[in-house]
Protein chains: 6
Amino acid sequence: MRIMVINPNSSQEMTASIRGVLERVKRSDTELTVVRTVGAPAAIQSASNIAQAVPPMLELVRKANKEGYNAVILACFSDPGLEAAREQSEILVMGIEETALHVAAMLGHKYTILTPLSKRIPSKEQDVRRFKAESAMASVRALDLTVTETESNPELTKARILEVARKAVEEDGAEVIVLGCAGMTGYANDVEQQLGVVVLDPTTVTLKVCEGLIDAGLRHCKRALYAAPLR
Amino acid sequence: MRIMVINPNSSQEMTASIRGVLERVKRSDTELTVVRTVGAPAAIQSASNIAQAVPPMLELVRKANKEGYNAVILACFSDPGLEAAREQSEILVMGIEETALHVAAMLGHKYTILTPLSKRIPSKEQDVRRFKAESAMASVRALDLTVTETESNPELTKARILEVARKAVEEDGAEVIVLGCAGMTGYANDVEQQLGVVVLDPTTVTLKVCEGLIDAGLRHCKRALYAAPLR
Amino acid sequence: MRIMVINPNSSQEMTASIRGVLERVKRSDTELTVVRTVGAPAAIQSASNIAQAVPPMLELVRKANKEGYNAVILACFSDPGLEAAREQSEILVMGIEETALHVAAMLGHKYTILTPLSKRIPSKEQDVRRFKAESAMASVRALDLTVTETESNPELTKARILEVARKAVEEDGAEVIVLGCAGMTGYANDVEQQLGVVVLDPTTVTLKVCEGLIDAGLRHCKRALYAAPLR
Amino acid sequence: MRIMVINPNSSQEMTASIRGVLERVKRSDTELTVVRTVGAPAAIQSASNIAQAVPPMLELVRKANKEGYNAVILACFSDPGLEAAREQSEILVMGIEETALHVAAMLGHKYTILTPLSKRIPSKEQDVRRFKAESAMASVRALDLTVTETESNPELTKARILEVARKAVEEDGAEVIVLGCAGMTGYANDVEQQLGVVVLDPTTVTLKVCEGLIDAGLRHCKRALYAAPLR
Amino acid sequence: MRIMVINPNSSQEMTASIRGVLERVKRSDTELTVVRTVGAPAAIQSASNIAQAVPPMLELVRKANKEGYNAVILACFSDPGLEAAREQSEILVMGIEETALHVAAMLGHKYTILTPLSKRIPSKEQDVRRFKAESAMASVRALDLTVTETESNPELTKARILEVARKAVEEDGAEVIVLGCAGMTGYANDVEQQLGVVVLDPTTVTLKVCEGLIDAGLRHCKRALYAAPLR
Amino acid sequence: MRIMVINPNSSQEMTASIRGVLERVKRSDTELTVVRTVGAPAAIQSASNIAQAVPPMLELVRKANKEGYNAVILACFSDPGLEAAREQSEILVMGIEETALHVAAMLGHKYTILTPLSKRIPSKEQDVRRFKAESAMASVRALDLTVTETESNPELTKARILEVARKAVEEDGAEVIVLGCAGMTGYANDVEQQLGVVVLDPTTVTLKVCEGLIDAGLRHCKRALYAAPLR
């Protein structure tokens with residue numbers, strides 16, 4: 001099967017990083033094309049960034065449809081333009097936030113999303129409602145680290161992730177931690193081992209669920225919410 | 001006070017129609033600039049249309065900020081890009097759907113949104129949750145009329161609005177009817193008189209609330225959900 | 001337009017204070033009559049107080065109807081007898097709590113109500129549900145100050161308001177602070193400037209929304225919840 | 001034990017009817033005083049009626065406290081003034097709507113309230129939220145009969161109750177029917193036998209729960225929501 | 001009336017303790033049979049324990065039906081097998097958790113459940129939803145004491161209960177404390193007196209409500225959720 | 001990978017049928033062991049059936065753990081004993097109802113569960129809350145066919161499934177239909193083609209998601225809700 005993974009931002013480094021993670025976990029019969037979105041911002045950190053990223057991203061979605069892919073994955077933890085992408089697509093489109101939240105709801109009592117900056121907590125809470133996953137949400141918590149700090153100081157990042165995840169577990173009752181940012185992926189094992197909870201890397205889990213849904217012949221419903229736009 | 005009313009689509013007719021309605025209800029000390037969004041689709045009927053409309057619309061929002069307006073109103077009943085517009089704006093930005101739903105919640109027990117096509121019902125229900133107004137929602141109901149039918153056949157349109165609004169009142173318990181499309185505005189009085197319920201024209205009610213909030217010196221919070229994007 | 005603002009308690013001082021605040025923000029074409037409720041308690045701090053205040057207050061509502069007012073505002077942050085007042089009235093009746101909560105829901109992600117005494121927190125939470133505004137509520141928090149302390153010690157009051165509002169912002173994620181008591185009005189600007197969030201004075205915001213709804217020809221629905229009582 | 005049952009309206013007939021029902025189901029060691037509320041309306045059918053009834057009703061609550069009763073029951077299916085009554089009372093105060101809804105939630109999957117007039121449906125739905133019993137609510141349905149019709153035409157009344165209860169069971173999934181009006185009490189057995197669901201007479205079930213709570217030494221919490229009013 | 005109280009575990013000591021508590025509060029015309037469940041675990045602390053306990057417990061339920069009892073009470077604060085027991089029973093079956101939660105919802109604004117171990121908090125939260133009582137829930141809090149500590153160290157236990165209940169009251173707004181474990185029963189008065197809130201012993205309150213419902217001729221609905229299994 | 005699929009009932013025919021369906025959709029590197037539960041009822045149609053089925057089913061779960069399986073799937077659309085099975089298991093355990101509901105929530109606006117008998121609707125609604133998937137639920141609808149009719153009359157069954165699914169789509173707004181019974185599996189394609197919505201066979205979709213989660217190294221959290229029982 002062929003899956004196009006679209007990184008909705010234009011960063012080559014992040015695209016390479018996503019490719020690296022997914023190549024390790026994909027099935028041998030899965031062919032991945034991981035692309036960045038030329039014309040999008042280098043990072044998606046606001047609704048304004050999303051507005052800029054979606055139009056060129058939709059072109060990639062249409063390209064995937066024309067070129068015979070089996071599915072598209074939007075690899076940014078805010079699922080930018082997921083609804084529009086599904087409208088434009090006859091093949092399955094999955095978002096990594098939506099998928100991660102519903103898998104999280106299955107694997108423990110409640111989940112917490114970790115997000116880099118506290119000012120993005122409200123938009124994550126809005127997403128939780130957008131994906132109808134609020135009954136299983138324990139909390140959204142922020143690391144309060146800039147992207148620069150995350151990249152330049154891995155020890156600090158690791159310590160902060162552990163500290164915040166521990167609060168999520170002890171104060172909010174989280175049993176699943178959803179890593180709401182690509183930069184956190186590498187620390188999943190540490191959190192799992194030290195806190196004894198499930199830690200989800202949204203990109204990985206989405207690819208694996210996507211492979212399964214393709215096998216099962218499933219895609220999103222095209223009747224109303226994701227119906228093709230009128231001409 | 002000066003308010004820029006942005007029609008997020010590119011239709012000159014609809015822009016003129018909005019201007020006509022608002023000029024009749026505005027305060028004498030209010031100066032309105034009603035503009036269409038060049039580069040946007042002629043109508044907003046899908047998430048794809050929204051994706052296309054938002055980038056040029058945001059330019060208008062920035063223009064309103066630079067030119068000393070007191071507020072911006074987004075005059076399309078899906079509040080396209082409202083979050084991004086508020087991020088981009090230091091002046092108050094209001095959406096006509098959000099405002100209408102909260103005023104509706106104040107004026108009766110529950111409200112029903114009328115929308116033209118049944119395939120848009122799910123996206124309206126999503127908007128109701130996006131604006132945290134679901135506890136006062138009775139239902140979303142569709143006229144099942146195309147825009148062409150609406151424009152070419154006013155008798156049919158009026159009859160259908162009355163029929164659907166009556167079902168909302170009698171079967172869903174609606175006390176307020178929110179007219180979820182510019183084409184329905186002219187029929188508000190008929191519904192009010194025949195059914196004895198409140199009928200809201202979202203554009204009108206938003207302008208009037210907006211004038212009040214400007215007087216009160218209020219705007220949206222810029223701390224987190226609508227914080228200015230990082231550079 | 002003529003608006004009767006009813007202070008549901010019998011305090012002349014508080015009535016004068018409300019009059020002072022509203023005269024400054026009203027439109028020039030708005031004529032205000034601000035009245036106290038003779039026969040009501042001097043302050044409304046319990047359901048028992050409300051029970052005592054409502055019958056004489058309803059007489060004022062009927063008076064406003066007879067004397068050709070355009071609307072009535074109930075100026076006490078518990079909206080005592082709002083439902084009964086709307087039953088009794090053919091003209092628009094607005095409550096300052098209901099209005100403030102719905103405007104708060106529009107201007108930020110979530111709101112916190114500040115209330116003087118912690119023992120009134122449950123009744124505020126009940127009101128939030130009564131007005132169907134719970135999805136946007138961050139919290140209700142108390143100053144733990146008596147009215148006497150509030151009046152005699154403005155420095156303490158200001159410090160306490162700032163301290164509690166800061167907790168609401170930092171711990172509960174509030175982006176809008178609703179000042180749930182007339183005595184807090186004067187400190188709104190300090191909170192706004194120090195915390196960078198929106199602060200609502202319910203009386204002010206209600207007057208401004210009320211003026212707008214009168215212009216728009218709106219009132220509450222008289223069909224069921226607020227239907228005139230049977231004879 | 002001594003229980004004062006207060007009929008919050010002034011009708012002698014209805015008071016006698018309540019007394020008749022309760023005398024048959026009370027324990028032999030229970031001494032009932034069933035009183036009407038002089039000064040209240042003859043029937044409670046609106047928020048305005050409630051406003052009028054509560055002040056004289058509260059005097060009876062205080063009387064019950066002074067005269068050594070063990071508990072007070074408010075015997076009107078809208079629990080008028082329940083919160084104020086509990087503030088005024090050191091002894092247990094129970095409302096028949098609150099009690100019936102919570103017992104209904106225990107005896108089947110969901111419950112439906114039958115109410116005489118459709119215009120009261122919204123206020124019943126508000127009460128369901130006031131008592132935090134909405135998760136177990138199937139619906140509120142109206143008989144669309146006036147009190148006069150109910151009294152003068154028992155065959156019609158019985159037929160209508162059966163018809164509406166059947167719809168509640170078959171269309172809304174109700175397993176418990178709550179008879180939301182004194183005039184419906186006599187038809188409970190017919191509904192139970194013909195529809196195979198539980199039918200609750202709120203007055204009866206409240207007396208029986210009240211006797212039990214008195215035995216257990218319980219009353220409502222006096223800490224916050226029902227705290228004694230400040231002097 | 002004759003009530004069979006089933007302790008769903010096999011502990012003779014706990015069965016005797018339940019019998020002791022209930023004999024003191026039962027009505028003089030109530031005949032209690034308090035039995036343990038031979039074949040069940042000695043304590044119910046997990047879903048696995050419940051799975052083991054329910055089959056022999058259901059035999060006791062059928063026995064109560066055959067031997068002419070009026071009702072069955074399941075006396076373990078997780079209501080193990082309540083749905084199956086009601087399916088098997090033509091007589092009223094009550095669970096002490098379901099009953100306590102709904103009585104708690106009536107006696108104060110919100111309730112907190114105290115449970116021995118923090119790892120059981122999620123299953124209590126699940127139960128709150130199972131019984132549709134989540135709107136009145138303040139929190140579930142754990143003592144973090146093993147059963148052995150509870151039994152061997154009453155001073156520690158009492159101190160911990162007071163400490164945790166105080167947090168529930170002060171931080172979560174609880175007005176009713178539900179003692180979610182038989183071992184806590186003896187400390188109810190201390191909590192009530194020191195914190196001024198209502199404290200419920202679920203076993204006691206369930207017996208008293210059960211006596212009342214038997215008098216009223218009520219049982220659970222047998223139509224759907226608790227219908228007798230098909231042969 | 002090796003997956004044990006446990007049919008929680010004792011029917012050899014149904015076990016063979018599940019095996020047949022899953023062998024066709026499994027990955028080539030997946031080794032399936034599909035077993036029935038000796039000692040369980042021949043069908044699971046009530047809470048009583050579940051109580052009987054769970055103890056022998058848990059033995060199979062323990063066997064799968066001892067024999068080195070990678071995961072267990074409980075293949076009955078009520079996920080009997082899922083919580084206990086997860087307590088007993090160090091390897092991933094998935095239930096087909098929980099998984100289907102969360103995948104359904106991802107593929108369309110709302111889902112409807114089809115269940116054979118209307119008396120089981122309440123227990124399905126309870127399950128929806130148990131799995132925290134209620135925000136995406138449109139409805140639960142019944143075919144009103146006995147198992148015998150389903151097996152003996154495929155034309156009737158197909159017609160009824162289409163009729164009920166159509167109502168779910170048109171009246172309840174469902175975009176995904178969840179086939180809540182093994183006997184409905186064969187009709188999925190007809191529903192998809194005639195109604196244009198997504199139809200989920202829970203057993204199939206669960207196997208495919210399970211394969212993906214095994215690849216990703218995920219299992220349920222063992223910290224609290226599914227912690228191993230104390231000895």
# chains A, B, ... in the order shown; residues from 1 in each chain; ligands from 1

$ residues_around --residues "segment 208-215 of chain A" --least-positions-apart "2" --cutoff "10 Å" --atoms "only C-alpha atoms" --output "ChimeraX atom specification"
/A:1-3,22,25-27,29-30,70-73,91-95,99-100,103,203-206,217-219 /F:25-27,103,204-216

$ closest_atom_pairs --of "chain D" --to "chain C" --cutoff "6 Å" --atoms "only C-alpha atoms" --output "CSV"
residue,atom,partner,partner_atom,distance
D:Ser46,CA,C:Pro229,CA,5.9
D:Ala47,CA,C:Ala84,CA,4.7
D:Ser48,CA,C:Ala84,CA,4.6
D:Ala84,CA,C:Ser48,CA,4.6
D:Lys119,CA,C:Ala224,CA,4.2
D:Pro122,CA,C:Leu225,CA,5.5
D:Ser123,CA,C:Leu225,CA,5.9
D:Ala224,CA,C:Lys119,CA,4.2
D:Leu225,CA,C:Pro122,CA,5.5
D:Pro229,CA,C:Ser46,CA,5.9

$ write_last_selection --atoms "C-alpha atoms" --output "PDB file, in the first residue's frame"
ATOM      1  CA  SER D  46     -45.437  29.796  36.343  1.00  0.00           C
ATOM      2  CA  ALA D  47     -42.351  31.448  37.758  1.00  0.00           C
ATOM      3  CA  SER D  48     -44.598  34.323  38.750  1.00  0.00           C
ATOM      4  CA  ALA D  84     -34.520  29.221  50.265  1.00  0.00           C
ATOM      5  CA  LYS D 119     -45.511  25.560  27.541  1.00  0.00           C
ATOM      6  CA  PRO D 122     -38.825  24.255  29.157  1.00  0.00           C
ATOM      7  CA  SER D 123     -39.174  25.004  32.843  1.00  0.00           C
ATOM      8  CA  ALA D 224     -22.677  26.663  51.476  1.00  0.00           C
ATOM      9  CA  LEU D 225     -25.514  26.210  49.011  1.00  0.00           C
ATOM     10  CA  PRO D 229     -28.573  33.664  55.418  1.00  0.00           C
TER      11      PRO D 229
END

$ select_by_dssp --residues "segment 21-172 of chain B" --states "strand (DSSP E)" --output "list in words"
Glu31, Leu32, Thr33, Val34, Val35, Arg36, Ala71, Val72, Ile73, Leu74, Leu92, Val93, Met94, Gly95, Tyr111, Thr112, Ile113, Leu114, Thr115, Met137, Ala138, Ser139, Val140, Arg141 and Ala142 of chain B

$ select_by_dssp --residues "segment 7-157 of chain D" --states "alpha helix (DSSP H)" --output "PyMOL selection string"
chain D and resi 12-25+47-66+82-88+96-107+121-130+147-152+154-157

$ residues_around --residues "Glu151 of chain B" --least-positions-apart "5" --cutoff "9 Å" --atoms "only C-alpha atoms" --output "PDB file with all heavy atoms, in the first residue's frame"
ATOM      1  N   THR B 146     -31.435  24.608  -2.813  1.00  0.00           N
ATOM      2  CA  THR B 146     -30.172  25.142  -3.307  1.00  0.00           C
ATOM      3  C   THR B 146     -30.245  26.661  -3.295  1.00  0.00           C
ATOM      4  O   THR B 146     -31.331  27.255  -3.213  1.00  0.00           O
ATOM      5  CB  THR B 146     -29.903  24.689  -4.748  1.00  0.00           C
ATOM      6  OG1 THR B 146     -30.909  25.265  -5.585  1.00  0.00           O
ATOM      7  CG2 THR B 146     -29.958  23.172  -4.855  1.00  0.00           C
ATOM      8  N   THR B 157     -39.330  29.436  -0.977  1.00  0.00           N
ATOM      9  CA  THR B 157     -38.381  29.640   0.113  1.00  0.00           C
ATOM     10  C   THR B 157     -39.105  30.019   1.397  1.00  0.00           C
ATOM     11  O   THR B 157     -38.849  29.458   2.467  1.00  0.00           O
ATOM     12  CB  THR B 157     -37.379  30.752  -0.270  1.00  0.00           C
ATOM     13  OG1 THR B 157     -36.757  30.379  -1.500  1.00  0.00           O
ATOM     14  CG2 THR B 157     -36.336  30.941   0.810  1.00  0.00           C
ATOM     15  N   GLY B 183     -29.505  34.499   2.654  1.00  0.00           N
ATOM     16  CA  GLY B 183     -30.702  34.465   1.823  1.00  0.00           C
ATOM     17  C   GLY B 183     -32.007  34.370   2.583  1.00  0.00           C
ATOM     18  O   GLY B 183     -33.082  34.536   2.014  1.00  0.00           O
TER      19      GLY B 183
END

$ atom_distance --atom1 "atom CA of Arg36 of chain B" --atom2 "atom CA of Ser78 of chain B"
15.7 Å

$ residues_around --residues "Pro154 of chain E" --least-positions-apart "4" --cutoff "12 Å" --atoms "only C-alpha atoms" --output "PDB file with N, CA and C atoms, in the first residue's frame"
ATOM      1  N   LEU E 145      -4.471   4.169  51.930  1.00  0.00           N
ATOM      2  CA  LEU E 145      -4.226   3.252  53.049  1.00  0.00           C
ATOM      3  C   LEU E 145      -4.613   1.842  52.606  1.00  0.00           C
ATOM      4  N   VAL E 147      -6.016  -1.961  53.401  1.00  0.00           N
ATOM      5  CA  VAL E 147      -7.032  -2.445  54.322  1.00  0.00           C
ATOM      6  C   VAL E 147      -6.394  -2.813  55.659  1.00  0.00           C
ATOM      7  N   THR E 148      -5.225  -3.380  55.578  1.00  0.00           N
ATOM      8  CA  THR E 148      -4.544  -3.769  56.820  1.00  0.00           C
ATOM      9  C   THR E 148      -4.265  -2.547  57.695  1.00  0.00           C
ATOM     10  N   GLU E 149      -3.768  -1.505  57.090  1.00  0.00           N
ATOM     11  CA  GLU E 149      -3.517  -0.288  57.862  1.00  0.00           C
ATOM     12  C   GLU E 149      -4.810   0.261  58.460  1.00  0.00           C
ATOM     13  N   THR E 150      -5.858   0.214  57.644  1.00  0.00           N
ATOM     14  CA  THR E 150      -7.147   0.704  58.132  1.00  0.00           C
ATOM     15  C   THR E 150      -7.578  -0.029  59.386  1.00  0.00           C
ATOM     16  N   LYS E 158      -8.496   7.575  60.969  1.00  0.00           N
ATOM     17  CA  LYS E 158      -9.351   8.722  61.268  1.00  0.00           C
ATOM     18  C   LYS E 158      -8.689  10.021  60.804  1.00  0.00           C
ATOM     19  N   ALA E 159      -7.417  10.157  61.079  1.00  0.00           N
ATOM     20  CA  ALA E 159      -6.701  11.368  60.667  1.00  0.00           C
ATOM     21  C   ALA E 159      -6.700  11.509  59.157  1.00  0.00           C
ATOM     22  N   ARG E 160      -6.486  10.400  58.471  1.00  0.00           N
ATOM     23  CA  ARG E 160      -6.423  10.455  57.023  1.00  0.00           C
ATOM     24  C   ARG E 160      -7.795  10.784  56.415  1.00  0.00           C
ATOM     25  N   ILE E 161      -8.825  10.170  56.969  1.00  0.00           N
ATOM     26  CA  ILE E 161     -10.176  10.463  56.473  1.00  0.00           C
ATOM     27  C   ILE E 161     -10.475  11.955  56.636  1.00  0.00           C
ATOM     28  N   GLY E 183     -14.885  -0.027  55.856  1.00  0.00           N
ATOM     29  CA  GLY E 183     -13.978   0.290  56.958  1.00  0.00           C
ATOM     30  C   GLY E 183     -14.025   1.723  57.438  1.00  0.00           C
ATOM     31  N   MET E 184     -14.694   2.591  56.697  1.00  0.00           N
ATOM     32  CA  MET E 184     -14.725   4.004  57.080  1.00  0.00           C
ATOM     33  C   MET E 184     -15.951   4.379  57.911  1.00  0.00           C
ATOM     34  N   THR E 185     -16.893   3.452  58.017  1.00  0.00           N
ATOM     35  CA  THR E 185     -18.193   3.782  58.597  1.00  0.00           C
ATOM     36  C   THR E 185     -18.098   4.460  59.957  1.00  0.00           C
ATOM     37  N   GLY E 186     -17.234   3.947  60.807  1.00  0.00           N
ATOM     38  CA  GLY E 186     -17.203   4.425  62.178  1.00  0.00           C
ATOM     39  C   GLY E 186     -16.766   5.868  62.349  1.00  0.00           C
ATOM     40  N   TYR E 187     -16.246   6.476  61.299  1.00  0.00           N
ATOM     41  CA  TYR E 187     -15.683   7.812  61.460  1.00  0.00           C
ATOM     42  C   TYR E 187     -16.595   8.921  60.935  1.00  0.00           C
TER      43      TYR E 187
END

$ closest_residue --among "E:Thr37, E:Leu195, E:Gly180, E:Ala42" --to "Leu162 of chain E" --atoms "only C-alpha atoms"
E:Leu195

$ residues_around --residues "Val176 of chain C" --least-positions-apart "2" --cutoff "12 Å" --atoms "only C-alpha atoms" --output "MDAnalysis selection string"
(chainID B and resid 218:225) or (chainID C and resid 100:114 136:140 165:166 168:169 172:174 178:179 188 191:192 195:202)
